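Engineer: Below is data_22.txt; it holds compact mmCIF, N, CA and C atoms and all ligand atoms.
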# COMPACT_ATOMS: atom_id res chain seq x y z
N MET X 1 57.20 217.60 209.62
CA MET X 1 56.77 219.01 209.51
C MET X 1 56.64 219.65 210.90
N THR X 2 57.06 220.87 210.98
CA THR X 2 56.97 221.58 212.25
C THR X 2 56.14 222.84 212.06
N THR X 3 55.21 223.10 212.97
CA THR X 3 54.50 224.37 212.92
C THR X 3 55.43 225.45 213.44
N GLU X 4 55.65 226.46 212.59
CA GLU X 4 56.60 227.51 212.91
C GLU X 4 55.93 228.87 212.77
N ARG X 5 56.63 229.86 213.32
CA ARG X 5 56.27 231.26 213.04
C ARG X 5 57.45 231.94 212.35
N SER X 6 57.15 232.88 211.48
CA SER X 6 58.20 233.63 210.79
C SER X 6 57.85 235.12 210.81
N LEU X 7 58.86 235.95 210.80
CA LEU X 7 58.64 237.40 210.74
C LEU X 7 58.81 237.86 209.29
N VAL X 8 57.75 238.43 208.77
CA VAL X 8 57.76 238.96 207.40
C VAL X 8 57.66 240.47 207.47
N LEU X 9 58.44 241.15 206.65
CA LEU X 9 58.28 242.60 206.51
C LEU X 9 57.96 242.91 205.06
N VAL X 10 56.94 243.72 204.82
CA VAL X 10 56.77 244.34 203.50
C VAL X 10 57.58 245.63 203.61
N LYS X 11 58.71 245.66 202.92
CA LYS X 11 59.68 246.75 203.06
C LYS X 11 59.11 248.06 202.48
N PRO X 12 59.79 249.20 202.74
CA PRO X 12 59.24 250.49 202.29
C PRO X 12 58.93 250.57 200.80
N ASP X 13 59.71 249.87 199.96
CA ASP X 13 59.41 249.91 198.51
C ASP X 13 58.10 249.18 198.22
N GLY X 14 57.89 248.04 198.87
CA GLY X 14 56.66 247.29 198.68
C GLY X 14 55.46 248.04 199.23
N PHE X 15 55.65 248.65 200.40
CA PHE X 15 54.54 249.39 201.02
C PHE X 15 54.14 250.57 200.13
N ARG X 16 55.17 251.33 199.70
CA ARG X 16 54.94 252.53 198.87
C ARG X 16 54.23 252.17 197.56
N ARG X 17 54.54 251.02 197.03
CA ARG X 17 53.94 250.59 195.76
C ARG X 17 52.57 249.92 195.95
N GLY X 18 52.11 249.87 197.18
CA GLY X 18 50.78 249.30 197.42
C GLY X 18 50.74 247.80 197.27
N LEU X 19 51.87 247.13 197.60
CA LEU X 19 51.95 245.68 197.40
C LEU X 19 51.68 244.88 198.67
N THR X 20 51.33 245.56 199.78
CA THR X 20 51.08 244.82 201.02
C THR X 20 49.98 243.78 200.81
N GLY X 21 48.88 244.19 200.20
CA GLY X 21 47.76 243.28 199.98
C GLY X 21 48.16 242.08 199.13
N GLU X 22 48.95 242.32 198.11
CA GLU X 22 49.40 241.24 197.22
C GLU X 22 50.29 240.24 197.97
N VAL X 23 51.16 240.76 198.84
CA VAL X 23 52.02 239.88 199.64
C VAL X 23 51.17 239.06 200.61
N LEU X 24 50.22 239.72 201.29
CA LEU X 24 49.35 239.00 202.24
C LEU X 24 48.50 237.97 201.50
N ARG X 25 48.05 238.32 200.30
CA ARG X 25 47.24 237.38 199.51
C ARG X 25 48.02 236.10 199.22
N ARG X 26 49.30 236.27 198.85
CA ARG X 26 50.12 235.09 198.54
C ARG X 26 50.39 234.25 199.80
N ILE X 27 50.59 234.92 200.93
CA ILE X 27 50.82 234.20 202.20
C ILE X 27 49.58 233.39 202.55
N GLU X 28 48.42 234.01 202.43
CA GLU X 28 47.18 233.31 202.78
C GLU X 28 46.84 232.21 201.77
N ALA X 29 47.10 232.49 200.48
CA ALA X 29 46.82 231.50 199.45
C ALA X 29 47.68 230.25 199.65
N LYS X 30 48.88 230.45 200.19
CA LYS X 30 49.78 229.33 200.48
C LYS X 30 49.27 228.50 201.65
N GLY X 31 48.39 229.10 202.47
CA GLY X 31 47.82 228.37 203.61
C GLY X 31 48.41 228.75 204.95
N TYR X 32 49.24 229.80 204.97
CA TYR X 32 49.78 230.26 206.25
C TYR X 32 48.77 231.19 206.92
N THR X 33 48.87 231.26 208.24
CA THR X 33 47.94 232.07 209.04
C THR X 33 48.61 233.37 209.45
N LEU X 34 47.84 234.44 209.49
CA LEU X 34 48.35 235.72 210.00
C LEU X 34 48.13 235.74 211.52
N VAL X 35 49.23 235.98 212.26
CA VAL X 35 49.15 235.97 213.73
C VAL X 35 49.13 237.40 214.28
N ALA X 36 49.90 238.29 213.64
CA ALA X 36 49.97 239.69 214.08
C ALA X 36 50.39 240.54 212.90
N LEU X 37 49.92 241.78 212.90
CA LEU X 37 50.21 242.66 211.77
C LEU X 37 50.26 244.11 212.25
N SER X 38 51.26 244.85 211.79
CA SER X 38 51.41 246.23 212.24
C SER X 38 52.02 247.08 211.13
N VAL X 39 51.51 248.29 210.95
CA VAL X 39 52.10 249.25 210.00
C VAL X 39 52.84 250.29 210.82
N LEU X 40 54.13 250.45 210.52
CA LEU X 40 54.93 251.42 211.29
C LEU X 40 56.16 251.85 210.50
N THR X 41 56.69 253.03 210.82
CA THR X 41 57.99 253.43 210.28
C THR X 41 59.04 253.02 211.30
N PRO X 42 59.92 252.07 210.91
CA PRO X 42 60.85 251.50 211.89
C PRO X 42 61.83 252.54 212.44
N THR X 43 62.15 252.39 213.72
CA THR X 43 63.17 253.25 214.32
C THR X 43 64.55 252.73 213.93
N ARG X 44 65.51 253.61 213.99
CA ARG X 44 66.90 253.23 213.74
C ARG X 44 67.33 252.11 214.69
N GLU X 45 66.92 252.24 215.95
CA GLU X 45 67.30 251.25 216.97
C GLU X 45 66.77 249.85 216.60
N ALA X 46 65.51 249.79 216.17
CA ALA X 46 64.93 248.49 215.80
C ALA X 46 65.68 247.91 214.60
N LEU X 47 66.02 248.76 213.65
CA LEU X 47 66.70 248.28 212.44
C LEU X 47 68.12 247.81 212.74
N GLU X 48 68.79 248.51 213.65
CA GLU X 48 70.15 248.07 214.03
C GLU X 48 70.10 246.70 214.69
N ARG X 49 69.06 246.46 215.50
CA ARG X 49 68.91 245.13 216.11
C ARG X 49 68.57 244.10 215.04
N HIS X 50 67.61 244.45 214.19
CA HIS X 50 67.14 243.51 213.17
C HIS X 50 68.27 243.08 212.24
N TYR X 51 69.11 244.04 211.83
CA TYR X 51 70.16 243.76 210.85
C TYR X 51 71.56 243.65 211.46
N ALA X 52 71.63 243.30 212.77
CA ALA X 52 72.93 243.23 213.46
C ALA X 52 73.93 242.34 212.71
N GLU X 53 73.44 241.24 212.10
CA GLU X 53 74.36 240.31 211.41
C GLU X 53 75.05 240.95 210.21
N HIS X 54 74.47 242.02 209.68
CA HIS X 54 75.04 242.65 208.49
C HIS X 54 75.91 243.88 208.80
N GLU X 55 76.05 244.22 210.09
CA GLU X 55 76.83 245.40 210.45
C GLU X 55 78.25 245.28 209.88
N GLY X 56 78.73 246.37 209.26
CA GLY X 56 80.08 246.37 208.71
C GLY X 56 80.12 246.02 207.23
N LYS X 57 79.02 245.45 206.69
CA LYS X 57 79.01 245.14 205.26
C LYS X 57 78.74 246.43 204.47
N PRO X 58 79.18 246.48 203.21
CA PRO X 58 79.03 247.72 202.42
C PRO X 58 77.58 248.17 202.27
N PHE X 59 76.64 247.23 202.26
CA PHE X 59 75.24 247.63 202.05
C PHE X 59 74.51 247.93 203.35
N TYR X 60 75.21 247.80 204.52
CA TYR X 60 74.53 247.93 205.81
C TYR X 60 73.90 249.32 206.00
N GLU X 61 74.71 250.36 205.83
CA GLU X 61 74.20 251.72 206.09
C GLU X 61 73.08 252.10 205.11
N PRO X 62 73.27 251.91 203.80
CA PRO X 62 72.16 252.17 202.87
C PRO X 62 70.92 251.34 203.18
N LEU X 63 71.12 250.12 203.67
CA LEU X 63 69.99 249.24 204.00
C LEU X 63 69.19 249.81 205.18
N VAL X 64 69.91 250.20 206.24
CA VAL X 64 69.23 250.74 207.42
C VAL X 64 68.52 252.05 207.06
N GLU X 65 69.18 252.85 206.25
CA GLU X 65 68.58 254.13 205.82
C GLU X 65 67.30 253.88 205.00
N PHE X 66 67.40 252.97 204.05
CA PHE X 66 66.25 252.63 203.20
C PHE X 66 65.10 252.08 204.04
N MET X 67 65.41 251.18 204.95
CA MET X 67 64.35 250.53 205.73
C MET X 67 63.64 251.50 206.67
N GLY X 68 64.33 252.62 206.99
CA GLY X 68 63.71 253.62 207.86
C GLY X 68 63.07 254.75 207.07
N SER X 69 63.02 254.62 205.75
CA SER X 69 62.60 255.74 204.89
C SER X 69 61.08 255.90 204.81
N GLY X 70 60.33 254.99 205.41
CA GLY X 70 58.88 255.10 205.35
C GLY X 70 58.23 253.91 206.01
N PRO X 71 56.91 253.85 205.96
CA PRO X 71 56.22 252.75 206.63
C PRO X 71 56.53 251.38 206.02
N VAL X 72 56.49 250.38 206.89
CA VAL X 72 56.57 248.99 206.48
C VAL X 72 55.36 248.28 207.10
N THR X 73 55.05 247.11 206.58
CA THR X 73 54.06 246.26 207.25
C THR X 73 54.81 245.09 207.85
N ALA X 74 54.76 244.97 209.18
CA ALA X 74 55.39 243.85 209.87
C ALA X 74 54.31 242.81 210.15
N VAL X 75 54.63 241.55 209.84
CA VAL X 75 53.64 240.49 209.97
C VAL X 75 54.28 239.25 210.59
N VAL X 76 53.58 238.64 211.52
CA VAL X 76 53.99 237.31 211.99
C VAL X 76 53.07 236.31 211.33
N ILE X 77 53.66 235.34 210.65
CA ILE X 77 52.87 234.30 210.01
C ILE X 77 53.12 232.97 210.70
N GLU X 78 52.22 232.04 210.52
CA GLU X 78 52.35 230.73 211.16
C GLU X 78 51.93 229.63 210.19
N GLY X 79 52.61 228.51 210.26
CA GLY X 79 52.24 227.36 209.42
C GLY X 79 53.35 226.33 209.40
N ASP X 80 53.05 225.16 208.85
CA ASP X 80 54.06 224.10 208.76
C ASP X 80 55.23 224.56 207.88
N ASP X 81 56.42 224.54 208.43
CA ASP X 81 57.64 224.91 207.70
C ASP X 81 57.52 226.27 207.01
N CYS X 82 56.86 227.22 207.64
CA CYS X 82 56.61 228.50 206.97
C CYS X 82 57.86 229.38 206.84
N ILE X 83 58.92 229.08 207.59
CA ILE X 83 60.14 229.89 207.47
C ILE X 83 60.75 229.66 206.09
N LYS X 84 61.02 228.40 205.79
CA LYS X 84 61.55 228.03 204.48
C LYS X 84 60.51 228.33 203.39
N GLY X 85 59.27 228.04 203.70
CA GLY X 85 58.19 228.23 202.72
C GLY X 85 58.03 229.68 202.31
N PHE X 86 58.13 230.60 203.26
CA PHE X 86 57.99 232.00 202.86
C PHE X 86 59.22 232.46 202.09
N ARG X 87 60.42 231.98 202.46
CA ARG X 87 61.62 232.34 201.70
C ARG X 87 61.47 231.88 200.24
N SER X 88 60.80 230.76 200.06
CA SER X 88 60.55 230.27 198.71
C SER X 88 59.53 231.16 197.99
N LEU X 89 58.49 231.57 198.70
CA LEU X 89 57.53 232.52 198.10
C LEU X 89 58.22 233.83 197.73
N ALA X 90 59.18 234.27 198.56
CA ALA X 90 59.85 235.57 198.34
C ALA X 90 60.78 235.51 197.13
N GLY X 91 61.51 234.40 196.97
CA GLY X 91 62.47 234.27 195.87
C GLY X 91 63.84 234.79 196.24
N ALA X 92 64.77 234.71 195.31
CA ALA X 92 66.17 235.09 195.56
C ALA X 92 66.27 236.56 195.95
N THR X 93 67.33 236.86 196.73
CA THR X 93 67.53 238.23 197.24
C THR X 93 67.55 239.26 196.11
N ASN X 94 68.27 238.94 195.04
CA ASN X 94 68.35 239.85 193.89
C ASN X 94 67.10 239.68 193.02
N PRO X 95 66.26 240.70 192.95
CA PRO X 95 64.98 240.53 192.25
C PRO X 95 65.13 240.25 190.75
N THR X 96 66.27 240.62 190.18
CA THR X 96 66.48 240.31 188.76
C THR X 96 66.69 238.82 188.56
N GLU X 97 67.29 238.17 189.58
CA GLU X 97 67.57 236.73 189.48
C GLU X 97 66.44 235.88 190.05
N ALA X 98 65.55 236.50 190.82
CA ALA X 98 64.48 235.73 191.48
C ALA X 98 63.57 235.09 190.43
N ALA X 99 63.16 233.86 190.70
CA ALA X 99 62.37 233.10 189.73
C ALA X 99 60.98 233.71 189.55
N PRO X 100 60.49 233.71 188.31
CA PRO X 100 59.10 234.08 188.09
C PRO X 100 58.20 233.19 188.94
N GLY X 101 57.12 233.76 189.45
CA GLY X 101 56.26 233.01 190.37
C GLY X 101 56.50 233.42 191.80
N SER X 102 57.73 233.91 192.08
CA SER X 102 58.03 234.39 193.43
C SER X 102 57.65 235.88 193.54
N ILE X 103 57.55 236.36 194.76
CA ILE X 103 57.18 237.77 194.98
C ILE X 103 58.21 238.68 194.32
N ARG X 104 59.50 238.42 194.62
CA ARG X 104 60.55 239.28 194.04
C ARG X 104 60.68 239.08 192.53
N GLY X 105 60.49 237.84 192.09
CA GLY X 105 60.60 237.56 190.65
C GLY X 105 59.47 238.19 189.85
N ASP X 106 58.28 238.19 190.41
CA ASP X 106 57.13 238.73 189.69
C ASP X 106 57.04 240.26 189.80
N LEU X 107 57.43 240.78 190.96
CA LEU X 107 57.11 242.19 191.26
C LEU X 107 58.32 243.09 191.44
N GLY X 108 59.52 242.49 191.55
CA GLY X 108 60.71 243.29 191.83
C GLY X 108 61.60 243.45 190.62
N ARG X 109 62.49 244.41 190.69
CA ARG X 109 63.53 244.58 189.67
C ARG X 109 64.67 245.34 190.30
N ASP X 110 65.80 245.41 189.59
CA ASP X 110 66.95 246.17 190.07
C ASP X 110 66.75 247.62 189.66
N TRP X 111 66.69 248.48 190.67
CA TRP X 111 66.44 249.89 190.37
C TRP X 111 67.75 250.67 190.25
N GLY X 112 68.89 249.98 190.29
CA GLY X 112 70.18 250.65 190.16
C GLY X 112 70.52 251.51 191.36
N LEU X 113 70.01 251.14 192.54
CA LEU X 113 70.25 251.91 193.75
C LEU X 113 71.35 251.25 194.58
N LYS X 114 71.72 251.90 195.71
CA LYS X 114 72.83 251.42 196.53
C LYS X 114 72.51 250.11 197.25
N VAL X 115 71.23 249.86 197.41
CA VAL X 115 70.84 248.65 198.13
C VAL X 115 69.70 247.98 197.37
N GLN X 116 69.67 246.65 197.43
CA GLN X 116 68.61 245.95 196.72
C GLN X 116 67.27 246.19 197.41
N GLN X 117 66.36 246.79 196.68
CA GLN X 117 65.02 247.02 197.20
C GLN X 117 64.17 245.87 196.68
N ASN X 118 63.92 244.91 197.57
CA ASN X 118 63.36 243.65 197.10
C ASN X 118 62.04 243.27 197.79
N ILE X 119 61.28 244.30 198.17
CA ILE X 119 59.86 244.16 198.55
C ILE X 119 59.59 243.51 199.91
N VAL X 120 60.24 242.37 200.18
CA VAL X 120 59.92 241.67 201.42
C VAL X 120 61.17 241.19 202.15
N HIS X 121 61.00 240.99 203.43
CA HIS X 121 61.96 240.27 204.27
C HIS X 121 61.26 239.06 204.85
N GLY X 122 62.00 237.97 205.01
CA GLY X 122 61.48 236.81 205.73
C GLY X 122 62.59 236.21 206.57
N SER X 123 62.28 235.81 207.80
CA SER X 123 63.27 235.19 208.70
C SER X 123 63.92 234.00 208.01
N ASP X 124 65.22 233.75 208.34
CA ASP X 124 65.92 232.68 207.62
C ASP X 124 66.14 231.41 208.45
N SER X 125 65.72 231.40 209.73
CA SER X 125 65.87 230.19 210.57
C SER X 125 64.95 230.35 211.77
N PRO X 126 64.67 229.25 212.47
CA PRO X 126 63.84 229.36 213.68
C PRO X 126 64.44 230.32 214.71
N GLU X 127 65.77 230.31 214.85
CA GLU X 127 66.43 231.22 215.81
C GLU X 127 66.23 232.67 215.39
N SER X 128 66.42 232.96 214.08
CA SER X 128 66.20 234.33 213.58
C SER X 128 64.76 234.75 213.77
N ALA X 129 63.84 233.82 213.50
CA ALA X 129 62.42 234.16 213.61
C ALA X 129 62.08 234.56 215.04
N GLN X 130 62.57 233.78 215.99
CA GLN X 130 62.27 234.08 217.40
C GLN X 130 62.88 235.43 217.79
N ARG X 131 64.10 235.67 217.37
CA ARG X 131 64.79 236.93 217.68
C ARG X 131 64.06 238.11 217.05
N GLU X 132 63.69 237.96 215.77
CA GLU X 132 63.06 239.06 215.03
C GLU X 132 61.64 239.34 215.53
N ILE X 133 60.90 238.29 215.86
CA ILE X 133 59.54 238.50 216.38
C ILE X 133 59.63 239.29 217.70
N GLY X 134 60.66 239.03 218.49
CA GLY X 134 60.87 239.77 219.74
C GLY X 134 61.16 241.24 219.52
N ILE X 135 61.75 241.57 218.38
CA ILE X 135 62.05 242.98 218.07
C ILE X 135 60.78 243.70 217.62
N TRP X 136 60.02 243.07 216.74
CA TRP X 136 58.89 243.76 216.10
C TRP X 136 57.58 243.60 216.87
N PHE X 137 57.48 242.50 217.62
CA PHE X 137 56.26 242.24 218.40
C PHE X 137 56.65 241.75 219.80
N PRO X 138 57.18 242.66 220.64
CA PRO X 138 57.68 242.24 221.95
C PRO X 138 56.62 241.57 222.81
N SER X 139 55.35 241.81 222.54
CA SER X 139 54.31 241.23 223.40
C SER X 139 53.96 239.78 223.02
N LEU X 140 54.49 239.30 221.88
CA LEU X 140 54.15 237.92 221.47
C LEU X 140 55.04 236.89 222.18
P1 LIG V 1 65.89 239.46 203.79
O1 LIG V 1 66.84 239.33 204.98
O2 LIG V 1 65.47 240.87 203.53
O3 LIG V 1 64.75 238.50 203.82
O4 LIG V 1 66.69 239.07 202.48
P2 LIG V 1 67.79 237.98 202.26
O5 LIG V 1 67.89 237.10 203.48
O6 LIG V 1 67.48 237.38 200.95
O7 LIG V 1 69.08 238.87 202.15
P3 LIG V 1 70.21 239.20 203.23
O8 LIG V 1 71.50 238.64 202.75
O9 LIG V 1 69.77 238.85 204.62
O10 LIG V 1 70.31 240.78 203.09
C1 LIG V 1 69.38 241.59 203.74
C2 LIG V 1 68.89 242.63 202.79
O11 LIG V 1 69.94 243.54 202.50
C3 LIG V 1 69.79 244.03 201.18
N1 LIG V 1 70.98 243.72 200.41
N2 LIG V 1 71.43 244.51 199.49
N3 LIG V 1 74.48 243.95 197.63
C4 LIG V 1 73.35 244.55 197.94
O12 LIG V 1 72.99 245.58 197.42
C5 LIG V 1 72.52 243.94 198.99
N4 LIG V 1 72.74 242.80 199.58
C6 LIG V 1 71.76 242.64 200.51
C7 LIG V 1 68.57 243.40 200.59
O13 LIG V 1 67.47 244.27 200.83
C8 LIG V 1 68.45 242.14 201.41
O14 LIG V 1 67.13 241.66 201.40
MG MG V 2 68.21 237.82 205.50
Represent the structure contained in this file as structure tokens.

Structural biologist:
Amino acid sequence: MTTERSLVLVKPDGFRRGLTGEVLRRIEAKGYTLVALSVLTPTREALERHYAEHEGKPFYEPLVEFMGSGPVTAVVIEGDDCIKGFRSLAGATNPTEAAPGSIRGDLGRDWGLKVQQNIVHGSDSPESAQREIGIWFPSL
């Protein structure tokens, strides 16, 4: 087991629906620690950096637009294997397919929009986590 940090975002749909507390509750109930937390409306520049790997994909522009549409809660969490562990708490990308018990499976659905609005983001590897934490929390 490795103690890791991961970057979690409660996306604009989750924030708007008042689900920040529910997401934080699940993170804490799992035993992960909150290291940093910030509420902000992301800039286009930050989102372009955050989603650089998806540039050119059909959902890229709607995704960046959606993510900048309102406040998000950015959180750095810490714990043993928390990168994989939070991805497991979040569930599959498509909220219709996400397993019950997961954040997306319990709280998300397909709204028939151009981009999947799936409540949360979680880093997918130690390299991504380090890169993403640098974007959202440059002082860490
Ligand atoms: P995330 O990065 O948000 O934790 O989610 P993920 O790894 O499960 O998904 P990823 O493939 O990295 O995609 C990033 C986000 O883009 C939106 N998306 N929409 N076909 C679609 O409509 C589509 N595909 C991806 C989702 O918001 C996804 O979380
Ligand atoms: Mg991803």

Engineer: Using only C-alpha atoms and all ligand atoms, find each residue in chain X having at least one atom no more than 9 Å away from ligand LIG 1 (chain V); report its shortest atom-to-atom pair and that distance in Å (one decimal), rows by chain then rising number, as JSON lines.

Structural biologist:
{"residue": "X:Val8", "atom": "CA", "partner": "V:LIG1", "partner_atom": "O3", "distance": 7.9}
{"residue": "X:Leu9", "atom": "CA", "partner": "V:LIG1", "partner_atom": "O2", "distance": 8.0}
{"residue": "X:Lys11", "atom": "CA", "partner": "V:LIG1", "partner_atom": "O2", "distance": 8.3}
{"residue": "X:Tyr51", "atom": "CA", "partner": "V:LIG1", "partner_atom": "C1", "distance": 7.5}
{"residue": "X:Glu53", "atom": "CA", "partner": "V:LIG1", "partner_atom": "O9", "distance": 8.3}
{"residue": "X:His54", "atom": "CA", "partner": "V:LIG1", "partner_atom": "O10", "distance": 7.4}
{"residue": "X:Lys57", "atom": "CA", "partner": "V:LIG1", "partner_atom": "N4", "distance": 8.8}
{"residue": "X:Pro58", "atom": "CA", "partner": "V:LIG1", "partner_atom": "N3", "distance": 7.6}
{"residue": "X:Phe59", "atom": "CA", "partner": "V:LIG1", "partner_atom": "C4", "distance": 5.5}
{"residue": "X:Tyr60", "atom": "CA", "partner": "V:LIG1", "partner_atom": "O11", "distance": 7.2}
{"residue": "X:Pro62", "atom": "CA", "partner": "V:LIG1", "partner_atom": "N2", "distance": 8.4}
{"residue": "X:Leu63", "atom": "CA", "partner": "V:LIG1", "partner_atom": "O11", "distance": 5.9}
{"residue": "X:Val64", "atom": "CA", "partner": "V:LIG1", "partner_atom": "O11", "distance": 8.7}
{"residue": "X:Phe66", "atom": "CA", "partner": "V:LIG1", "partner_atom": "O13", "distance": 8.8}
{"residue": "X:Met67", "atom": "CA", "partner": "V:LIG1", "partner_atom": "O13", "distance": 8.5}
{"residue": "X:Arg87", "atom": "CA", "partner": "V:LIG1", "partner_atom": "O3", "distance": 7.2}
{"residue": "X:Ala90", "atom": "CA", "partner": "V:LIG1", "partner_atom": "O3", "distance": 7.9}
{"residue": "X:Gly91", "atom": "CA", "partner": "V:LIG1", "partner_atom": "O6", "distance": 7.8}
{"residue": "X:Ala92", "atom": "CA", "partner": "V:LIG1", "partner_atom": "O6", "distance": 6.0}
{"residue": "X:Thr93", "atom": "CA", "partner": "V:LIG1", "partner_atom": "O6", "distance": 3.8}
{"residue": "X:Asn94", "atom": "CA", "partner": "V:LIG1", "partner_atom": "O6", "distance": 7.5}
{"residue": "X:Leu113", "atom": "CA", "partner": "V:LIG1", "partner_atom": "O12", "distance": 7.8}
{"residue": "X:Lys114", "atom": "CA", "partner": "V:LIG1", "partner_atom": "O12", "distance": 5.9}
{"residue": "X:Val115", "atom": "CA", "partner": "V:LIG1", "partner_atom": "O12", "distance": 3.8}
{"residue": "X:Gln116", "atom": "CA", "partner": "V:LIG1", "partner_atom": "N2", "distance": 4.2}
{"residue": "X:Gln117", "atom": "CA", "partner": "V:LIG1", "partner_atom": "O13", "distance": 5.2}
{"residue": "X:Asn118", "atom": "CA", "partner": "V:LIG1", "partner_atom": "O13", "distance": 5.6}
{"residue": "X:Ile119", "atom": "CA", "partner": "V:LIG1", "partner_atom": "O13", "distance": 7.9}
{"residue": "X:Val120", "atom": "CA", "partner": "V:LIG1", "partner_atom": "O2", "distance": 6.0}
{"residue": "X:His121", "atom": "CA", "partner": "V:LIG1", "partner_atom": "O3", "distance": 3.3}
{"residue": "X:Gly122", "atom": "CA", "partner": "V:LIG1", "partner_atom": "O3", "distance": 4.1}
{"residue": "X:Ser123", "atom": "CA", "partner": "V:LIG1", "partner_atom": "O3", "distance": 6.1}
{"residue": "X:Asp124", "atom": "CA", "partner": "V:LIG1", "partner_atom": "O5", "distance": 6.4}

Engineer: What's around X:Thr73 at 8 Å? Count only C-alpha atoms, leave out sequence neighbours fewer than 5 positions away in its own chain, and write the answer as an MDAnalysis selection string.

Structural biologist: chainID X and resid 9:11 15 20 37:40

Engineer: What separation in Å, quoted to one decimal, exists between atom C of X:Arg49 and atom CA of X:Glu132?

Structural biologist: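 Atom CA of X:Glu132 lies 7.5 Å from atom C of X:Arg49.
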
Engineer: If you measure from atom C of X:Ser102 to atom CA of X:Leu89, what distance in Å do you get, rounded to one decimal?

Structural biologist: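 Taking atom C of X:Ser102 and atom CA of X:Leu89, their separation equals 5.7 Å.
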
Engineer: Just the residues within 7 Å of X:Arg109, please, counting all atoms listed in the file, with nothing from its chain fewer than 2 positions along; format it as a list in words.

Structural biologist: Asn94, Pro95, Thr96, Arg104, Gly105, Asp106, Leu107, Trp111, Gly112, Gln117 and Asn118 of chain X

Engineer: In Å to one decimal, how far is atom CA of X:Gly68 from atom CA of X:Pro42?

Structural biologist: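 Going from atom CA of X:Pro42 over to atom CA of X:Gly68, I get 5.4 Å.
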
Engineer: Can you list, as a list of chain:residue names, every protein, DNA or RNA residue that comes within 12 Å of X:Pro138 when you count only C-alpha atoms, leaving out same-chain residues fewer than 4 positions away?

Structural biologist: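 That gives X:Ala36, X:Ala46, X:Val76, X:Gln130, X:Arg131, X:Glu132, X:Ile133, X:Gly134.
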
Engineer: I'd like to know which of X:Thr33, X:Ser88, X:Ser125, X:Thr2 is closest to ligand MG 2 (chain V), using only C-alpha atoms and all ligand atoms.

Structural biologist: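 Closest to ligand MG 2 (chain V) of all the choices is X:Ser125.
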
Engineer: Would you compute the box with edges along x, y and z of the file around stretch 97-104 of chain X, including every atom the file lists for it and 3 Å extra on each side, and give its centre and edge lengths in Å to one decimal, as AutoDock Vina command-line options?

Structural biologist:
--center_x 61.9 --center_y 236.1 --center_z 191.5 --size_x 17.3 --size_y 12.3 --size_z 12.9

Engineer: Compare X:Leu34, X:Met1, X:Leu140, X:Leu19 by their minimum atom-to-atom distance to X:Gly108, counting only C-alpha atoms, and give me the closest one.

Structural biologist: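 So, comparing all the options, the nearest one is X:Leu19.
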
Engineer: So, counting all atoms listed in the file, which residue among X:Leu7, X:Gly79, X:His50, X:Glu61 is closest to X:Gly31?

Structural biologist: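 Closest to X:Gly31 of all the choices is X:Gly79.
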
Engineer: As a PyMOL selection string, please: every residue in stretch 28-120 of chain X that a backbone DSSP assignment puts in strand (DSSP E or B).

Structural biologist: chain X and resi 33-40+72-80+100+102+120

Engineer: Identify which of the residues X:Ala52, X:Ala99, X:Trp136, X:Val72 lies closest to ligand MG 2 (chain V), counting only C-alpha atoms and all ligand atoms when measuring atom-to-atom distances.

Structural biologist: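 Closest residue, counting only C-alpha atoms and all ligand atoms: X:Ala52.
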
Engineer: Calculated over only C-alpha atoms and all ligand atoms, which of the candidates X:Ser139, X:Thr43, X:Ser128, X:Ser6 has the smallest distance to ligand MG 2 (chain V)?

Structural biologist: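 Residue with the minimum atom-to-atom distance to ligand MG 2 (chain V): X:Ser128.
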
Engineer: List as a PyMOL selection string the protein and nucleic acid residues near X:Arg5, meaning an atom at most 6 Å away when all atoms listed in the file are counted, but skip any in the same chain fewer than 2 places from it.

Structural biologist: chain X and resi 3+7+77-79+83+129

Engineer: Export, as a short mmCIF file (atom, residue, chain, number, x, y, z; two decimals), in the frame of the given file, the selected residues with N, CA and C atoms.

Structural biologist:
data_model
loop_
_atom_site.label_atom_id
_atom_site.label_comp_id
_atom_site.auth_asym_id
_atom_site.auth_seq_id
_atom_site.Cartn_x
_atom_site.Cartn_y
_atom_site.Cartn_z
N THR X 3 55.21 223.10 212.97
CA THR X 3 54.50 224.37 212.92
C THR X 3 55.43 225.45 213.44
N LEU X 7 58.86 235.95 210.80
CA LEU X 7 58.64 237.40 210.74
C LEU X 7 58.81 237.86 209.29
N ILE X 77 53.66 235.34 210.65
CA ILE X 77 52.87 234.30 210.01
C ILE X 77 53.12 232.97 210.70
N GLU X 78 52.22 232.04 210.52
CA GLU X 78 52.35 230.73 211.16
C GLU X 78 51.93 229.63 210.19
N GLY X 79 52.61 228.51 210.26
CA GLY X 79 52.24 227.36 209.42
C GLY X 79 53.35 226.33 209.40
N ILE X 83 58.92 229.08 207.59
CA ILE X 83 60.14 229.89 207.47
C ILE X 83 60.75 229.66 206.09
N ALA X 129 63.84 233.82 213.50
CA ALA X 129 62.42 234.16 213.61
C ALA X 129 62.08 234.56 215.04
#

Engineer: Which residue out of X:Cys82, X:Val35, X:Thr41, X:Ile103 has the minimum interatomic distance to X:Glu22 when only C-alpha atoms are used?

Structural biologist: X:Ile103
